[in-house]
$ cat my_file.cif   # mmCIF, C-alpha atoms
data_target
#
loop_
_atom_site.group_PDB
_atom_site.id
_atom_site.type_symbol
_atom_site.label_atom_id
_atom_site.label_comp_id
_atom_site.auth_asym_id
_atom_site.auth_seq_id
_atom_site.Cartn_x
_atom_site.Cartn_y
_atom_site.Cartn_z
ATOM 1 C CA MET A 1 47.239 8.978 40.918
ATOM 2 C CA CYS A 2 44.818 11.417 39.516
ATOM 3 C CA SER A 3 41.480 12.111 41.114
ATOM 4 C CA GLY A 4 38.652 13.632 39.223
ATOM 5 C CA THR A 5 35.300 13.121 37.769
ATOM 6 C CA VAL A 6 34.815 11.617 34.378
ATOM 7 C CA ILE A 7 31.864 13.021 32.555
ATOM 8 C CA LEU A 8 30.411 10.865 29.881
ATOM 9 C CA LEU A 9 28.139 12.550 27.432
ATOM 10 C CA ILE A 10 25.781 10.374 25.539
ATOM 11 C CA ALA A 11 24.114 11.793 22.498
ATOM 12 C CA VAL A 12 20.687 10.425 21.978
ATOM 13 C CA ALA A 13 18.956 10.886 18.698
ATOM 14 C CA CYS A 14 15.379 11.733 19.348
ATOM 15 C CA GLU A 15 12.931 10.582 16.755
ATOM 16 C CA ASP A 16 9.360 11.643 16.446
ATOM 17 C CA LEU A 17 7.752 8.814 18.380
ATOM 18 C CA THR A 18 4.367 9.411 16.803
ATOM 19 C CA MET A 19 3.535 6.278 14.880
ATOM 20 C CA VAL A 20 1.591 6.481 11.648
ATOM 21 C CA LYS A 21 -1.819 4.867 11.950
ATOM 22 C CA ILE A 22 -3.686 2.978 9.259
ATOM 23 C CA TYR A 23 -7.475 2.919 9.468
ATOM 24 C CA TYR A 24 -8.747 -0.104 7.548
ATOM 25 C CA LYS A 25 -12.018 -2.026 7.809
ATOM 26 C CA GLU A 26 -13.083 -0.139 10.941
ATOM 27 C CA GLN A 27 -9.838 -1.032 12.767
ATOM 28 C CA VAL A 28 -6.728 1.016 13.602
ATOM 29 C CA TYR A 29 -3.228 -0.360 13.008
ATOM 30 C CA GLU A 30 0.033 1.309 14.079
ATOM 31 C CA MET A 31 2.835 1.108 11.561
ATOM 32 C CA GLN A 32 6.311 0.164 12.702
ATOM 33 C CA SER A 33 9.367 1.978 11.343
ATOM 34 C CA ASN A 34 10.424 0.975 7.819
ATOM 35 C CA GLU A 35 7.178 -0.908 7.293
ATOM 36 C CA SER A 36 4.946 -0.517 4.239
ATOM 37 C CA VAL A 37 1.185 -0.255 4.505
ATOM 38 C CA LEU A 38 0.962 -3.831 3.225
ATOM 39 C CA ASP A 39 3.493 -5.051 5.824
ATOM 40 C CA THR A 40 1.340 -3.490 8.553
ATOM 41 C CA LEU A 41 -1.831 -5.096 7.221
ATOM 42 C CA LEU A 42 -0.186 -8.512 6.876
ATOM 43 C CA ARG A 43 1.398 -8.351 10.341
ATOM 44 C CA ASN A 44 -2.082 -7.748 11.736
ATOM 45 C CA GLU A 45 -3.634 -10.573 9.690
ATOM 46 C CA THR A 46 -6.252 -8.356 8.030
ATOM 47 C CA GLY A 47 -6.659 -10.531 4.961
ATOM 48 C CA ALA A 48 -5.520 -7.689 2.677
ATOM 49 C CA PRO A 49 -4.954 -8.846 -0.912
ATOM 50 C CA PHE A 50 -1.365 -9.212 -2.133
ATOM 51 C CA ALA A 51 0.898 -11.276 -4.367
ATOM 52 C CA CYS A 52 4.335 -10.058 -5.524
ATOM 53 C CA GLN A 53 5.002 -7.435 -2.798
ATOM 54 C CA LYS A 54 7.128 -5.438 -5.269
ATOM 55 C CA GLY A 55 4.600 -3.093 -6.924
ATOM 56 C CA VAL A 56 4.318 -5.104 -10.127
ATOM 57 C CA CYS A 57 1.150 -7.217 -9.960
ATOM 58 C CA GLN A 58 -1.109 -4.529 -8.442
ATOM 59 C CA SER A 59 -2.931 -7.114 -6.309
ATOM 60 C CA CYS A 60 -2.484 -4.912 -3.235
ATOM 61 C CA MET A 61 -4.095 -1.847 -4.820
ATOM 62 C CA MET A 62 -5.891 0.212 -2.182
ATOM 63 C CA GLN A 63 -7.872 3.420 -2.231
ATOM 64 C CA VAL A 64 -7.156 6.408 0.008
ATOM 65 C CA ILE A 65 -10.254 7.678 1.778
ATOM 66 C CA LYS A 66 -8.444 10.208 3.964
ATOM 67 C CA GLY A 67 -4.801 11.297 4.027
ATOM 68 C CA GLU A 68 -2.070 11.529 1.430
ATOM 69 C CA VAL A 69 0.217 8.810 0.134
ATOM 70 C CA PRO A 70 3.769 9.394 -1.096
ATOM 71 C CA LYS A 71 4.051 9.917 -4.846
ATOM 72 C CA ARG A 72 5.987 6.667 -5.295
ATOM 73 C CA ALA A 73 2.993 4.659 -4.045
ATOM 74 C CA ASN A 74 0.962 5.365 -7.173
ATOM 75 C CA GLU A 75 3.488 6.398 -9.816
ATOM 76 C CA TYR A 76 3.181 3.067 -11.662
ATOM 77 C CA LEU A 77 -0.610 3.200 -11.906
ATOM 78 C CA ILE A 78 -2.479 4.365 -14.974
ATOM 79 C CA SER A 79 -4.181 7.736 -14.688
ATOM 80 C CA LYS A 80 -7.712 6.361 -14.234
ATOM 81 C CA TYR A 81 -6.602 4.659 -10.998
ATOM 82 C CA LYS A 82 -4.649 7.691 -9.810
ATOM 83 C CA GLU A 83 -7.792 9.784 -10.343
ATOM 84 C CA GLN A 84 -9.631 7.382 -8.022
ATOM 85 C CA ASP A 85 -6.978 7.911 -5.285
ATOM 86 C CA CYS A 86 -5.545 4.410 -5.658
ATOM 87 C CA PHE A 87 -2.082 3.343 -4.537
ATOM 88 C CA LEU A 88 -0.034 0.187 -4.114
ATOM 89 C CA ALA A 89 0.135 -0.788 -0.449
ATOM 90 C CA CYS A 90 3.367 -2.779 -0.851
ATOM 91 C CA ILE A 91 5.397 0.291 -1.846
ATOM 92 C CA CYS A 92 3.600 2.838 0.326
ATOM 93 C CA TYR A 93 5.526 4.277 3.278
ATOM 94 C CA PRO A 94 3.301 7.149 4.480
ATOM 95 C CA SER A 95 4.342 9.927 6.816
ATOM 96 C CA GLU A 96 0.812 10.636 8.013
ATOM 97 C CA ASP A 97 -2.231 8.670 9.120
ATOM 98 C CA LEU A 98 -4.296 7.088 6.360
ATOM 99 C CA THR A 99 -7.835 5.835 6.084
ATOM 100 C CA ILE A 100 -7.888 3.257 3.304
ATOM 101 C CA ALA A 101 -10.140 0.708 1.639
ATOM 102 C CA THR A 102 -9.517 -2.263 -0.608
ATOM 103 C CA PHE A 103 -9.960 -1.170 -4.214
ATOM 104 C CA VAL A 104 -12.089 -3.470 -6.314
ATOM 105 C CA LYS A 105 -11.388 -3.173 -10.010
ATOM 106 C CA PRO A 106 -14.621 -3.093 -11.993
ATOM 107 C CA LYS A 107 -15.265 -6.247 -13.949
ATOM 108 C CA ARG A 108 -15.082 -5.972 -17.703
ATOM 109 C CA PRO A 109 -18.474 -6.321 -19.310
ATOM 110 C CA SER A 110 -18.792 -9.711 -20.884
ATOM 111 C CA ARG A 111 -19.155 -9.825 -24.615
ATOM 112 C CA PRO A 112 -22.401 -11.125 -25.978
ATOM 113 C CA ALA A 113 -22.003 -14.467 -27.653
ATOM 114 C CA THR A 114 -21.950 -14.135 -31.401
ATOM 115 C CA LYS A 115 -23.037 -16.799 -33.742
ATOM 116 C CA THR A 116 -20.679 -17.143 -36.649
ATOM 117 C CA LYS A 117 -20.629 -19.786 -39.243
ATOM 118 C CA ALA A 118 -17.279 -21.412 -39.531
ATOM 119 C CA LYS A 119 -15.973 -21.418 -43.052
ATOM 120 C CA LEU A 120 -14.611 -24.758 -44.034
ATOM 121 C CA PRO A 121 -11.733 -24.809 -46.471
ATOM 122 C CA GLN A 122 -12.682 -25.679 -50.036
ATOM 123 C CA PHE A 123 -10.788 -28.605 -51.516
#

$ encode --input "my_file.cif" --output "structure tokens"
Amino acid sequence: MCSGTVILLIAVACEDLTMVKIYYKEQVYEMQSNESVLDTLLRNETGAPFACQKGVCQSCMMQVIKGEVPKRANEYLISKYKEQDCFLACICYPSEDLTIATFVKPKRPSRPATKTKAKLPQF
């Protein structure tokens, strides 16, 4: 019989336990790992707009007030929205705290009604 001490080494991966915070509508929300900004907002029942959750419909477009979003979060937007610091919340996985607001697309001006006389075909 052998006597001795068995030493068991356990390697523990230490992650940065600082959670990214989202500041939205005067509230603070902590993101969970592998969660998009939209996931965080939906989990907290904020009423944030959304539809497809894949970055296609742009319903979840938000505007950054403070912080920086990853490039992927706005790469599909046209330049006028990028210039206004917009991003898509459903594909945004930030590495730093963000202060955001819902982006409201400006309404297109309505066309004035024009009076045109319909031309009837001549028989």

$ residues_around --input "my_file.cif" --residues "region 72-82 of chain A" --least-positions-apart "2" --cutoff "8 Å" --atoms "all atoms listed in the file" --output "list in words"
Gly55, Val69, Pro70, Gln84, Asp85, Cys86, Phe87, Leu88, Ala89, Ile91, Cys92 and Tyr93 of chain A

$ atom_distance --input "my_file.cif" --atom1 "CA of Ala101 (chain A)" --atom2 "CA of Gln32 (chain A)"
19.8 Å

$ residues_near_point --input "my_file.cif" --point "(-14.4, -1.4, 9.7)" --cutoff "12 Å" --atoms "all atoms listed in the file" --output "list in words"
Ile22, Tyr23, Tyr24, Lys25, Glu26, Gln27, Val28, Tyr29, Thr46, Thr99, Ile100, Ala101 and Thr102 of chain A

$ closest_residue --input "my_file.cif" --among "A:Phe103, A:Met62, A:Glu83, A:Gly67" --to "Leu41 (chain A)" --atoms "only C-alpha atoms"
A:Met62

$ closest_residue --input "my_file.cif" --among "A:Leu98, A:Gly47, A:Glu35, A:Val20" --to "Ile65 (chain A)" --atoms "all atoms listed in the file"
A:Leu98

$ closest_residue --input "my_file.cif" --among "A:Ala48, A:Leu42, A:Val37, A:Cys60" --to "Asp97 (chain A)" --atoms "all atoms listed in the file"
A:Val37
